[in-house]
file coords-v7.txt (compact mmCIF, C-alpha atoms)
# COMPACT_ATOMS: atom_id res chain seq x y z
CA MET A 1 223.56 244.11 -65.17
CA GLY A 2 227.28 244.29 -64.49
CA GLN A 3 227.32 247.94 -65.47
CA ILE A 4 224.71 249.03 -62.93
CA LEU A 5 227.02 248.41 -59.98
CA GLY A 6 230.30 250.24 -59.60
CA GLU A 7 233.54 248.28 -59.29
CA ASN A 8 233.90 249.35 -55.67
CA VAL A 9 230.48 248.05 -54.69
CA LYS A 10 231.10 244.76 -56.47
CA SER A 11 234.39 244.09 -54.79
CA PHE A 12 233.11 245.32 -51.42
CA VAL A 13 230.22 242.84 -51.51
CA ALA A 14 232.52 240.05 -52.71
CA ASN A 15 234.97 240.79 -49.90
CA ALA A 16 232.24 241.05 -47.29
CA LEU A 17 230.76 237.73 -48.41
CA HIS A 18 234.20 236.13 -48.29
CA TRP A 19 234.89 237.18 -44.71
CA ILE A 20 231.36 236.63 -43.41
CA SER A 21 231.24 233.09 -44.85
CA ALA A 22 234.69 232.36 -43.45
CA ALA A 23 233.66 233.57 -39.99
CA VAL A 24 230.32 231.75 -39.99
CA PHE A 25 231.98 228.59 -41.30
CA VAL A 26 234.67 228.57 -38.60
CA SER A 27 232.09 229.25 -35.85
CA THR A 28 229.79 226.52 -37.15
CA LEU A 29 232.68 224.08 -37.31
CA SER A 30 233.86 224.90 -33.78
CA LEU A 31 230.33 224.57 -32.43
CA GLY A 32 230.00 221.25 -34.25
CA LEU A 33 233.11 219.84 -32.62
CA TYR A 34 232.10 221.24 -29.24
CA MET A 35 228.51 219.99 -29.30
CA THR A 36 229.50 216.39 -29.99
CA SER A 37 231.48 216.44 -26.75
CA LEU A 38 228.50 217.57 -24.66
CA GLU A 39 227.08 215.21 -22.06
CA PHE A 40 223.41 214.20 -22.20
CA MET A 41 222.73 216.19 -19.01
CA HIS A 42 224.40 219.39 -20.28
CA PRO A 43 222.00 222.36 -20.62
CA TRP A 44 223.08 222.89 -24.25
CA TYR A 45 222.77 219.24 -25.28
CA ASN A 46 219.74 220.03 -27.45
CA SER A 47 220.19 223.72 -28.28
CA ALA A 48 223.80 223.51 -29.50
CA PRO A 49 222.96 221.13 -32.40
CA ASP A 50 219.90 223.28 -33.29
CA PHE A 51 222.15 226.34 -33.50
CA HIS A 52 224.78 224.41 -35.47
CA LYS A 53 222.15 223.38 -38.03
CA SER A 54 220.92 226.96 -38.39
CA THR A 55 224.38 228.45 -38.91
CA GLY A 56 225.18 225.55 -41.26
CA ILE A 57 222.20 226.54 -43.41
CA ALA A 58 223.55 230.11 -43.30
CA VAL A 59 226.93 228.87 -44.61
CA PHE A 60 225.15 227.14 -47.48
CA PHE A 61 223.27 230.29 -48.52
CA LEU A 62 226.28 232.58 -48.04
CA VAL A 63 228.40 230.39 -50.30
CA ALA A 64 225.54 230.16 -52.80
CA ILE A 65 225.27 233.97 -52.96
CA ARG A 66 229.03 234.30 -53.12
CA SER A 67 229.33 231.90 -56.06
CA VAL A 68 226.51 233.70 -57.90
CA TRP A 69 228.25 237.01 -57.22
CA ARG A 70 231.51 235.63 -58.54
CA PHE A 71 229.85 234.21 -61.62
CA PHE A 72 228.07 237.45 -62.59
CA PHE A 73 230.19 240.25 -61.21
CA ILE A 74 233.68 239.75 -59.96
CA GLU A 75 236.35 237.11 -59.72
CA PRO A 76 238.94 237.29 -56.97
CA ALA A 77 241.96 239.28 -58.07
CA PRO A 78 244.82 237.08 -59.24
CA ILE A 79 247.79 236.82 -56.98
CA PRO A 80 250.73 238.93 -58.07
CA GLY A 81 253.85 237.05 -59.09
CA GLY A 82 254.16 234.00 -61.26
CA ASP A 83 255.00 231.11 -58.94
CA TRP A 84 252.94 228.06 -57.90
CA LYS A 85 250.70 230.18 -55.69
CA ARG A 86 249.26 231.93 -58.70
CA SER A 87 248.11 228.68 -60.27
CA VAL A 88 247.07 226.88 -57.08
CA ASP A 89 244.96 229.55 -55.41
CA PRO A 90 242.22 229.83 -58.07
CA ILE A 91 241.80 226.03 -57.96
CA LEU A 92 241.57 226.18 -54.18
CA HIS A 93 238.96 228.92 -54.43
CA ARG A 94 236.70 226.90 -56.69
CA GLY A 95 237.35 223.81 -54.57
CA PHE A 96 236.13 225.60 -51.47
CA TYR A 97 232.71 226.23 -53.00
CA PHE A 98 232.30 222.52 -53.71
CA LEU A 99 233.59 221.59 -50.27
CA PHE A 100 231.28 224.02 -48.48
CA PHE A 101 228.31 222.74 -50.45
CA GLY A 102 229.40 219.16 -49.77
CA ILE A 103 229.87 219.71 -46.04
CA THR A 104 226.56 221.52 -45.53
CA PHE A 105 224.69 219.04 -47.71
CA CYS A 106 226.10 216.03 -45.84
CA GLY A 107 225.31 217.76 -42.55
CA TYR A 108 221.76 218.29 -43.77
CA LEU A 109 221.47 214.58 -44.66
CA ILE A 110 222.12 213.46 -41.06
CA PRO A 111 219.03 214.69 -39.16
CA THR A 112 216.82 214.47 -42.26
CA ALA A 113 217.53 210.74 -42.74
CA ASP A 114 214.33 209.91 -40.85
CA GLY A 115 212.16 212.39 -42.76
CA ARG A 116 212.35 215.31 -40.34
CA GLY A 117 213.24 218.76 -41.67
CA VAL A 118 215.84 221.13 -40.22
CA GLU A 119 214.91 224.52 -38.79
CA PHE A 120 216.68 227.79 -39.49
CA PHE A 121 216.65 229.65 -36.15
CA GLY A 122 212.97 228.71 -35.78
CA LEU A 123 212.11 230.98 -38.72
CA PHE A 124 211.55 228.40 -41.43
CA GLU A 125 212.13 224.74 -42.01
CA VAL A 126 214.17 223.14 -44.76
CA PRO A 127 212.21 219.98 -45.55
CA ALA A 128 213.80 216.53 -45.69
CA LEU A 129 214.17 215.73 -49.39
CA PHE A 130 216.32 212.61 -49.13
CA SER A 131 215.35 210.14 -46.43
CA TYR A 132 216.83 206.73 -47.01
CA LYS A 133 217.08 205.98 -43.27
CA GLU A 134 219.95 203.84 -42.02
CA PRO A 135 222.72 203.94 -43.19
CA GLN A 136 222.17 207.48 -44.62
CA GLU A 137 222.97 209.25 -41.34
CA GLU A 138 226.08 207.11 -40.83
CA ILE A 139 227.57 207.69 -44.30
CA ALA A 140 226.60 211.38 -44.33
CA GLY A 141 228.10 211.80 -40.85
CA THR A 142 231.44 210.28 -41.85
CA LEU A 143 231.59 212.37 -45.04
CA HIS A 144 230.55 215.52 -43.17
CA LEU A 145 233.49 215.24 -40.77
CA SER A 146 236.05 214.05 -43.37
CA LEU A 147 235.26 216.94 -45.72
CA VAL A 148 235.64 219.35 -42.79
CA PHE A 149 239.17 218.11 -42.12
CA LEU A 150 240.05 218.29 -45.80
CA THR A 151 238.71 221.86 -45.96
CA LEU A 152 240.70 222.83 -42.87
CA CYS A 153 243.93 221.61 -44.46
CA LEU A 154 243.21 223.46 -47.71
CA ALA A 155 242.21 226.57 -45.74
CA LEU A 156 245.63 226.54 -44.09
CA LEU A 157 247.24 226.40 -47.53
CA HIS A 158 244.95 229.21 -48.74
CA THR A 159 245.96 231.30 -45.72
CA ARG A 160 249.63 230.58 -46.31
CA ILE A 161 249.31 231.77 -49.92
CA ASN A 162 247.41 234.95 -49.17
CA ILE A 163 248.60 236.07 -45.76
CA ARG A 164 251.30 238.47 -47.00
CA ARG A 165 249.04 240.17 -49.51
CA CYS A 166 246.26 240.36 -46.96
CA ALA A 167 248.54 241.82 -44.28
CA SER A 168 249.83 244.53 -46.61
CA LYS A 169 246.26 245.37 -47.61
CA PHE A 170 245.28 245.80 -43.96
CA LYS A 171 248.37 247.92 -43.37
CA SER A 172 247.48 250.25 -46.24
CA LEU A 173 243.91 250.46 -44.95
CA PHE A 174 245.18 251.61 -41.57
CA LYS A 175 247.55 254.06 -43.20
CA LEU A 176 244.68 255.54 -45.20
CA SER A 177 242.48 255.96 -42.17
CA SER A 178 245.12 257.55 -39.96
CA MET B 1 221.94 135.73 -36.04
CA LYS B 2 223.75 138.07 -33.74
CA ARG B 3 224.04 140.59 -36.52
CA LEU B 4 220.32 140.29 -37.25
CA SER B 5 219.31 140.93 -33.64
CA LEU B 6 221.61 143.96 -33.56
CA LEU B 7 219.91 145.28 -36.67
CA ALA B 8 216.49 144.59 -35.12
CA ALA B 9 217.50 146.45 -31.98
CA PHE B 10 218.70 149.36 -34.07
CA VAL B 11 215.49 149.50 -36.09
CA MET B 12 213.41 149.31 -32.91
CA ALA B 13 215.49 152.06 -31.33
CA VAL B 14 214.89 154.27 -34.36
CA VAL B 15 211.17 153.48 -34.35
CA ILE B 16 210.89 154.31 -30.65
CA MET B 17 212.97 157.49 -30.90
CA LEU B 18 211.47 158.76 -34.13
CA PRO B 19 208.22 160.15 -32.70
CA GLY B 20 210.23 161.89 -30.00
CA ALA B 21 212.48 163.42 -32.62
CA LEU B 22 209.44 164.40 -34.64
CA ARG B 23 207.80 165.94 -31.62
CA ALA B 24 210.67 168.42 -31.30
CA GLU B 25 209.32 170.56 -34.10
CA GLU B 26 211.73 172.96 -35.69
CA TYR B 27 210.71 176.49 -36.46
CA VAL B 28 212.33 179.45 -38.14
CA ILE B 29 211.32 182.84 -36.79
CA ASP B 30 209.31 184.66 -39.45
CA THR B 31 211.40 187.79 -39.96
CA LYS B 32 210.94 187.58 -43.73
CA LYS B 33 207.36 188.74 -43.50
CA SER B 34 208.03 190.55 -40.24
CA HIS B 35 205.86 188.60 -37.84
CA ALA B 36 208.56 189.12 -35.27
CA PHE B 37 209.59 192.15 -33.24
CA ILE B 38 212.33 193.00 -30.80
CA GLU B 39 211.36 196.19 -29.05
CA PHE B 40 212.84 198.00 -26.11
CA LYS B 41 211.81 200.70 -23.74
CA ILE B 42 213.88 203.01 -21.58
CA SER B 43 212.87 205.91 -19.40
CA HIS B 44 213.44 209.46 -20.65
CA LEU B 45 214.42 211.45 -17.54
CA GLY B 46 211.75 209.59 -15.59
CA PHE B 47 209.01 211.51 -17.43
CA SER B 48 208.11 209.16 -20.26
CA TRP B 49 209.40 206.26 -22.35
CA ILE B 50 211.60 206.07 -25.37
CA LEU B 51 210.55 203.10 -27.47
CA GLY B 52 212.80 201.50 -30.00
CA ARG B 53 213.36 198.30 -31.87
CA PHE B 54 215.85 196.29 -33.85
CA ASN B 55 214.70 195.98 -37.43
CA THR B 56 217.05 193.20 -38.52
CA PHE B 57 217.50 189.91 -36.72
CA GLU B 58 217.02 186.20 -37.26
CA GLY B 59 216.32 183.21 -35.12
CA GLU B 60 214.93 179.76 -34.76
CA PHE B 61 213.52 177.51 -32.11
CA THR B 62 212.54 173.95 -31.48
CA PHE B 63 209.31 173.17 -29.72
CA ASN B 64 208.78 169.94 -27.89
CA GLU B 65 205.05 169.40 -27.49
CA GLU B 66 205.52 166.46 -25.13
CA ASP B 67 207.93 168.28 -22.86
CA PRO B 68 208.01 172.02 -23.64
CA ALA B 69 210.86 172.49 -21.17
CA LYS B 70 213.08 170.71 -23.68
CA SER B 71 212.44 173.39 -26.30
CA LYS B 72 215.24 175.68 -27.42
CA VAL B 73 215.46 179.15 -28.87
CA SER B 74 218.20 181.30 -30.33
CA VAL B 75 218.11 184.78 -31.84
CA THR B 76 220.83 186.89 -33.47
CA ILE B 77 220.36 190.65 -33.72
CA ASP B 78 221.95 193.06 -36.18
CA THR B 79 222.83 195.85 -33.73
CA ALA B 80 223.16 198.53 -36.44
CA SER B 81 219.45 198.13 -37.20
CA VAL B 82 218.50 199.98 -33.99
CA ASP B 83 215.58 202.32 -34.67
CA THR B 84 214.11 204.83 -32.24
CA ASN B 85 212.48 206.96 -34.93
CA LEU B 86 215.14 209.68 -34.70
CA ALA B 87 218.15 209.39 -37.02
CA GLU B 88 220.41 211.47 -34.76
CA ARG B 89 219.61 209.37 -31.69
CA ASP B 90 220.08 206.12 -33.61
CA LYS B 91 223.46 207.37 -34.81
CA HIS B 92 224.40 208.04 -31.19
CA LEU B 93 223.15 204.62 -30.09
CA ARG B 94 225.31 202.96 -32.78
CA SER B 95 228.42 204.80 -31.57
CA ASP B 96 230.92 203.40 -29.08
CA GLU B 97 229.09 205.18 -26.26
CA PHE B 98 226.30 202.63 -26.59
CA LEU B 99 226.10 199.62 -28.93
CA ASP B 100 229.46 200.18 -30.65
CA VAL B 101 228.12 198.44 -33.74
CA LYS B 102 231.37 198.66 -35.69
CA LYS B 103 233.10 196.53 -33.11
CA TYR B 104 230.09 194.44 -32.11
CA PRO B 105 227.78 194.11 -35.13
CA LYS B 106 225.83 191.21 -33.60
CA ALA B 107 224.06 190.54 -30.35
CA ASN B 108 222.63 187.14 -29.63
CA PHE B 109 220.53 185.14 -27.26
CA LYS B 110 220.72 181.39 -26.77
CA SER B 111 218.47 179.63 -24.30
CA THR B 112 220.09 177.33 -21.76
CA SER B 113 217.09 176.13 -19.76
CA ILE B 114 213.33 176.51 -19.68
CA LYS B 115 211.22 176.26 -16.57
CA LEU B 116 207.47 175.98 -17.00
CA THR B 117 205.54 178.25 -14.67
CA GLY B 118 201.97 177.71 -15.84
CA GLU B 119 199.72 176.39 -18.58
CA ASP B 120 201.34 178.56 -21.24
CA THR B 121 204.02 180.48 -19.40
CA ALA B 122 207.67 179.77 -18.71
CA VAL B 123 210.90 181.35 -17.59
CA ILE B 124 213.53 180.99 -20.29
CA LYS B 125 217.08 181.31 -19.06
CA GLY B 126 219.77 181.98 -21.57
CA ASP B 127 223.03 183.64 -22.46
CA PHE B 128 222.63 187.08 -23.93
CA THR B 129 225.70 188.53 -25.64
CA LEU B 130 225.73 192.25 -26.26
CA ARG B 131 228.74 194.47 -26.86
CA GLY B 132 230.94 191.43 -26.43
CA VAL B 133 229.66 190.79 -22.90
CA THR B 134 227.82 187.54 -22.22
CA ARG B 135 225.50 187.34 -19.22
CA GLU B 136 222.64 185.14 -18.19
CA ILE B 137 219.23 186.73 -18.47
CA GLU B 138 215.75 185.46 -17.75
CA LEU B 139 212.86 185.95 -20.15
CA ASN B 140 209.33 185.73 -18.88
CA ALA B 141 207.79 183.97 -21.83
CA LYS B 142 204.29 183.15 -22.90
CA HIS B 143 203.05 180.75 -25.55
CA ILE B 144 200.41 182.69 -27.44
CA GLY B 145 199.10 180.25 -29.99
CA ALA B 146 199.76 177.78 -32.76
CA GLY B 147 198.06 176.28 -35.74
CA LYS B 148 197.75 176.08 -39.47
CA ASP B 149 197.88 179.32 -41.36
CA PRO B 150 195.63 179.88 -44.43
CA TRP B 151 198.59 179.44 -46.84
CA GLY B 152 199.68 175.90 -46.10
CA GLY B 153 202.15 176.49 -43.29
CA PHE B 154 202.12 175.83 -39.57
CA ARG B 155 202.90 178.65 -37.15
CA ARG B 156 203.58 179.03 -33.46
CA GLY B 157 203.98 182.28 -31.57
CA PHE B 158 205.48 183.50 -28.31
CA GLU B 159 206.20 186.69 -26.44
CA GLY B 160 208.75 187.42 -23.78
CA VAL B 161 209.91 190.23 -21.51
CA THR B 162 213.16 190.87 -19.73
CA THR B 163 214.88 193.76 -17.99
CA PHE B 164 218.55 194.42 -17.43
CA ALA B 165 220.85 197.28 -16.47
CA LEU B 166 222.76 199.04 -19.26
CA HIS B 167 225.73 198.92 -16.94
CA ASP B 168 225.71 195.09 -17.12
CA TYR B 169 226.79 195.38 -20.73
CA ASP B 170 229.38 198.10 -20.14
CA MET B 171 227.14 200.91 -21.35
CA THR B 172 228.02 203.57 -18.81
CA TYR B 173 226.92 206.74 -20.62
CA ASN B 174 225.02 208.91 -18.16
CA LEU B 175 221.34 209.13 -19.14
CA GLY B 176 220.27 210.16 -15.65
CA PRO B 177 219.20 208.14 -12.61
CA ALA B 178 215.84 207.13 -14.09
CA SER B 179 217.34 205.53 -17.17
CA LYS B 180 219.64 202.86 -15.84
CA GLU B 181 217.53 199.89 -16.88
CA ILE B 182 216.12 198.82 -20.18
CA GLU B 183 213.17 196.55 -20.83
CA ILE B 184 213.13 194.27 -23.84
CA PHE B 185 209.93 192.93 -25.31
CA ILE B 186 210.15 190.25 -27.94
CA SER B 187 207.26 188.78 -29.86
CA PHE B 188 207.68 186.31 -32.67
CA GLU B 189 205.97 183.77 -34.81
CA GLY B 190 207.81 180.66 -35.94
CA LEU B 191 207.14 179.06 -39.28
CA LYS B 192 207.51 175.27 -38.99
CA LYS B 193 210.31 173.90 -41.12
CA LYS B 194 209.19 171.41 -43.73
call {"tool": "encode", "arguments": {"input": "coords-v7.txt", "output": "structure tokens"}}
result
Amino acid sequence: MGQILGENVKSFVANALHWISAAVFVSTLSLGLYMTSLEFMHPWYNSAPDFHKSTGIAVFFLVAIRSVWRFFFIEPAPIPGGDWKRSVDPILHRGFYFLFFGITFCGYLIPTADGRGVEFFGLFEVPALFSYKEPQEEIAGTLHLSLVFLTLCLALLHTRINIRRCASKFKSLFKLSS
Amino acid sequence: MKRLSLLAAFVMAVVIMLPGALRAEEYVIDTKKSHAFIEFKISHLGFSWILGRFNTFEGEFTFNEEDPAKSKVSVTIDTASVDTNLAERDKHLRSDEFLDVKKYPKANFKSTSIKLTGEDTAVIKGDFTLRGVTREIELNAKHIGAGKDPWGGFRRGFEGVTTFALHDYDMTYNLGPASKEIEIFISFEGLKKK
């Protein structure tokens, strides 16, 4: 199957998935922090969490597709050079998949603790598969937030490792187009 | 002789007091088989009610048949067991904006006086501690019934209603003007201690 797609297509899809998941993840996270600060009387008090759940489900599927893509088609290019970055970044990469799955799964466990499913933009519903009631929502909630902070720290490290390479790539892209 | 009469007086005192002591029957509230409920009701925007309950609590009471006003009741509630049939809402209610269950895992009620108001009704005054705040509340109580159960025990049941402002217990989260007060309904059956 690997031969059907050209190298360019494979890496384009992998790159697109990387940046789309990153963007959706950061937006979902920001919305999550924002919505918990909303007052009961705020017009978005109900809609913001609904939206957060939908984009959270999107993160889950994006990361799922991305890991399948990685497994079958293309692994991220190794970092040039031979220092610590080269050995740390692949571990980080794999770690992110587990973290994203962990965060979205814990998030999913909060509203489903009472047996209710979660909706994806009103299109379909992910049913509640694990409903152990209290204290499920409490434990899942604590884990959900803790894993987010852990991911944020690792994402900073990931950015620090890759920023130079990324910047030079963008530069060459602009050079090519001009 | 003097010692003997003292002993006689003591025995007589015990004999006289014993029936009185026996009359103050002791009961444990039957939470084991859940014949006891602590439910609450609060307005949602003034349009309808949100009903909820505490699933875990324990309590006991004494009942004085001769003089019911001398009866006593105490109940301790596990605040984390709040249940409004919506996990997300319950999580919010457990947070420091409402019950703050991490800091205040227990709420309790202890009666201080009982005033009979009718054949089977009374006003039970007592100290209710919630969120670390203790205030006197009044329960409008009713004795529902008592008697032998089919399994060899003796049971006695009551119900009671009270209303208080959330603000009284330092819960100041804004739920809108219609939702400032909460009504508590408690119904329980006591199993007589053997």
call {"tool": "atom_distance", "arguments": {"input": "coords-v7.txt", "atom1": "atom CA of A:Phe73", "atom2": "atom CA of A:Ala167"}}
result
25.0 Å
call {"tool": "closest_residue", "arguments": {"input": "coords-v7.txt", "among": "B:Leu191, B:Ala146, B:Leu99, B:Ala69", "to": "B:Tyr169", "atoms": "all atoms listed in the file"}}
result
B:Leu99
call {"tool": "interface_residues", "arguments": {"input": "coords-v7.txt", "of": "chain B", "to": "chain A", "cutoff": "9 Å", "atoms": "all atoms listed in the file", "output": "PyMOL selection string"}}
result
chain B and resi 80-81+83+85-88+90-91+173-176
call {"tool": "residues_around", "arguments": {"input": "coords-v7.txt", "residues": "B:His35", "least_positions_apart": "2", "cutoff": "12 Å", "atoms": "all atoms listed in the file", "output": "PyMOL selection string"}}
result
chain B and resi 28-33+37-38+55+57-58+155-159+186-191
call {"tool": "atom_distance", "arguments": {"input": "coords-v7.txt", "atom1": "atom CA of A:His144", "atom2": "atom CA of A:Phe25"}}
result
13.3 Å
call {"tool": "atom_distance", "arguments": {"input": "coords-v7.txt", "atom1": "atom CA of A:Ser172", "atom2": "atom CA of A:Arg160"}}
result
19.8 Å
call {"tool": "residues_around", "arguments": {"input": "coords-v7.txt", "residues": "B:Lys70", "least_positions_apart": "2", "cutoff": "12 Å", "atoms": "all atoms listed in the file", "output": "MDAnalysis selection string"}}
result
chainID B and resid 20:21 23:25 61:68 72:73 111:116 122 124
call {"tool": "residues_around", "arguments": {"input": "coords-v7.txt", "residues": "B:Thr129", "least_positions_apart": "6", "cutoff": "8 Å", "atoms": "only C-alpha atoms", "output": "PyMOL selection string"}}
result
chain B and resi 107-109+135
call {"tool": "closest_residue", "arguments": {"input": "coords-v7.txt", "among": "B:Asp96, B:Thr84, B:Ser5, B:Val101", "to": "B:Ile42", "atoms": "all atoms listed in the file"}}
result
B:Thr84
call {"tool": "closest_residue", "arguments": {"input": "coords-v7.txt", "among": "A:Pro90, A:Gly95, A:Gly102, A:Gly122", "to": "A:Ile161", "atoms": "all atoms listed in the file"}}
result
A:Pro90
call {"tool": "closest_residue", "arguments": {"input": "coords-v7.txt", "among": "B:Ala36, B:Leu51, B:Ile144, B:Leu166", "to": "B:Leu130", "atoms": "only C-alpha atoms"}}
result
B:Leu166
call {"tool": "residues_around", "arguments": {"input": "coords-v7.txt", "residues": "stretch 48-57 of chain A", "least_positions_apart": "6", "cutoff": "6 Å", "atoms": "all atoms listed in the file", "output": "list in words"}}
result
Thr28, Met35, Phe120 and Phe121 of chain A
call {"tool": "residues_near_point", "arguments": {"input": "coords-v7.txt", "point": "(216.6, 196.3, -17.9)", "cutoff": "7 Å", "atoms": "all atoms listed in the file", "output": "PDB file with C-alpha atoms, in the coordinates of the input"}}
result
ATOM      1  CA  THR B 162     213.160 190.870 -19.730  1.00  0.00           C
ATOM      2  CA  THR B 163     214.880 193.760 -17.990  1.00  0.00           C
ATOM      3  CA  PHE B 164     218.550 194.420 -17.430  1.00  0.00           C
ATOM      4  CA  ALA B 165     220.850 197.280 -16.470  1.00  0.00           C
ATOM      5  CA  LEU B 166     222.760 199.040 -19.260  1.00  0.00           C
ATOM      6  CA  GLU B 181     217.530 199.890 -16.880  1.00  0.00           C
ATOM      7  CA  ILE B 182     216.120 198.820 -20.180  1.00  0.00           C
ATOM      8  CA  GLU B 183     213.170 196.550 -20.830  1.00  0.00           C
TER       9      GLU B 183
END
call {"tool": "closest_residue", "arguments": {"input": "coords-v7.txt", "among": "A:Arg70, A:His158, A:His42, A:Arg165", "to": "A:Leu17", "atoms": "only C-alpha atoms"}}
result
A:Arg70
call {"tool": "decode", "arguments": {"input": "coords-v7.txt", "residues": "stretch 43-50 of chain A", "atoms": "all heavy atoms", "output": "PDB file, in the first residue's frame"}}
result
ATOM      1  N   PRO A  43     -24.046  33.842  28.423  1.00  0.00           N
ATOM      2  CA  PRO A  43     -24.745  33.221  27.277  1.00  0.00           C
ATOM      3  C   PRO A  43     -24.062  31.944  26.760  1.00  0.00           C
ATOM      4  O   PRO A  43     -24.718  31.104  26.159  1.00  0.00           O
ATOM      5  CB  PRO A  43     -24.715  34.298  26.199  1.00  0.00           C
ATOM      6  CG  PRO A  43     -24.390  35.568  26.886  1.00  0.00           C
ATOM      7  CD  PRO A  43     -23.722  35.247  28.179  1.00  0.00           C
ATOM      8  N   TRP A  44     -22.764  31.816  26.976  1.00  0.00           N
ATOM      9  CA  TRP A  44     -22.047  30.636  26.467  1.00  0.00           C
ATOM     10  C   TRP A  44     -21.888  29.527  27.492  1.00  0.00           C
ATOM     11  O   TRP A  44     -21.176  28.555  27.253  1.00  0.00           O
ATOM     12  CB  TRP A  44     -20.647  31.038  25.974  1.00  0.00           C
ATOM     13  CG  TRP A  44     -20.660  31.966  24.816  1.00  0.00           C
ATOM     14  CD1 TRP A  44     -21.744  32.357  24.082  1.00  0.00           C
ATOM     15  CD2 TRP A  44     -19.536  32.642  24.238  1.00  0.00           C
ATOM     16  NE1 TRP A  44     -21.375  33.233  23.100  1.00  0.00           N
ATOM     17  CE2 TRP A  44     -20.019  33.430  23.165  1.00  0.00           C
ATOM     18  CE3 TRP A  44     -18.173  32.669  24.524  1.00  0.00           C
ATOM     19  CZ2 TRP A  44     -19.182  34.225  22.391  1.00  0.00           C
ATOM     20  CZ3 TRP A  44     -17.338  33.451  23.748  1.00  0.00           C
ATOM     21  CH2 TRP A  44     -17.834  34.215  22.686  1.00  0.00           C
ATOM     22  N   TYR A  45     -22.505  29.701  28.668  1.00  0.00           N
ATOM     23  CA  TYR A  45     -22.316  28.746  29.765  1.00  0.00           C
ATOM     24  C   TYR A  45     -22.573  27.299  29.327  1.00  0.00           C
ATOM     25  O   TYR A  45     -21.878  26.384  29.747  1.00  0.00           O
ATOM     26  CB  TYR A  45     -23.244  29.115  30.930  1.00  0.00           C
ATOM     27  CG  TYR A  45     -23.066  28.249  32.156  1.00  0.00           C
ATOM     28  CD1 TYR A  45     -22.022  28.457  33.044  1.00  0.00           C
ATOM     29  CD2 TYR A  45     -23.956  27.208  32.423  1.00  0.00           C
ATOM     30  CE1 TYR A  45     -21.859  27.664  34.161  1.00  0.00           C
ATOM     31  CE2 TYR A  45     -23.805  26.403  33.544  1.00  0.00           C
ATOM     32  CZ  TYR A  45     -22.756  26.645  34.408  1.00  0.00           C
ATOM     33  OH  TYR A  45     -22.597  25.842  35.515  1.00  0.00           O
ATOM     34  N   ASN A  46     -23.575  27.107  28.475  1.00  0.00           N
ATOM     35  CA  ASN A  46     -23.874  25.748  28.009  1.00  0.00           C
ATOM     36  C   ASN A  46     -23.209  25.399  26.689  1.00  0.00           C
ATOM     37  O   ASN A  46     -22.786  24.262  26.479  1.00  0.00           O
ATOM     38  CB  ASN A  46     -25.389  25.571  27.861  1.00  0.00           C
ATOM     39  CG  ASN A  46     -26.044  25.264  29.194  1.00  0.00           C
ATOM     40  OD1 ASN A  46     -25.574  24.404  29.933  1.00  0.00           O
ATOM     41  ND2 ASN A  46     -27.103  25.982  29.513  1.00  0.00           N
ATOM     42  N   SER A  47     -23.125  26.390  25.770  1.00  0.00           N
ATOM     43  CA  SER A  47     -22.617  26.075  24.434  1.00  0.00           C
ATOM     44  C   SER A  47     -21.103  25.883  24.406  1.00  0.00           C
ATOM     45  O   SER A  47     -20.601  25.059  23.632  1.00  0.00           O
ATOM     46  CB  SER A  47     -23.038  27.162  23.442  1.00  0.00           C
ATOM     47  OG  SER A  47     -22.672  28.430  23.929  1.00  0.00           O
ATOM     48  N   ALA A  48     -20.381  26.619  25.260  1.00  0.00           N
ATOM     49  CA  ALA A  48     -18.914  26.486  25.245  1.00  0.00           C
ATOM     50  C   ALA A  48     -18.465  25.053  25.586  1.00  0.00           C
ATOM     51  O   ALA A  48     -17.660  24.475  24.855  1.00  0.00           O
ATOM     52  CB  ALA A  48     -18.270  27.504  26.188  1.00  0.00           C
ATOM     53  N   PRO A  49     -18.999  24.438  26.647  1.00  0.00           N
ATOM     54  CA  PRO A  49     -18.619  23.045  26.915  1.00  0.00           C
ATOM     55  C   PRO A  49     -19.031  22.090  25.792  1.00  0.00           C
ATOM     56  O   PRO A  49     -18.297  21.147  25.482  1.00  0.00           O
ATOM     57  CB  PRO A  49     -19.368  22.711  28.215  1.00  0.00           C
ATOM     58  CG  PRO A  49     -19.578  24.022  28.877  1.00  0.00           C
ATOM     59  CD  PRO A  49     -19.789  25.004  27.757  1.00  0.00           C
ATOM     60  N   ASP A  50     -20.190  22.333  25.165  1.00  0.00           N
ATOM     61  CA  ASP A  50     -20.615  21.468  24.042  1.00  0.00           C
ATOM     62  C   ASP A  50     -19.579  21.529  22.922  1.00  0.00           C
ATOM     63  O   ASP A  50     -19.210  20.511  22.337  1.00  0.00           O
ATOM     64  CB  ASP A  50     -21.979  21.921  23.500  1.00  0.00           C
ATOM     65  CG  ASP A  50     -23.112  21.571  24.461  1.00  0.00           C
ATOM     66  OD1 ASP A  50     -22.866  20.757  25.369  1.00  0.00           O
ATOM     67  OD2 ASP A  50     -24.218  22.121  24.302  1.00  0.00           O
TER      68      ASP A  50
END
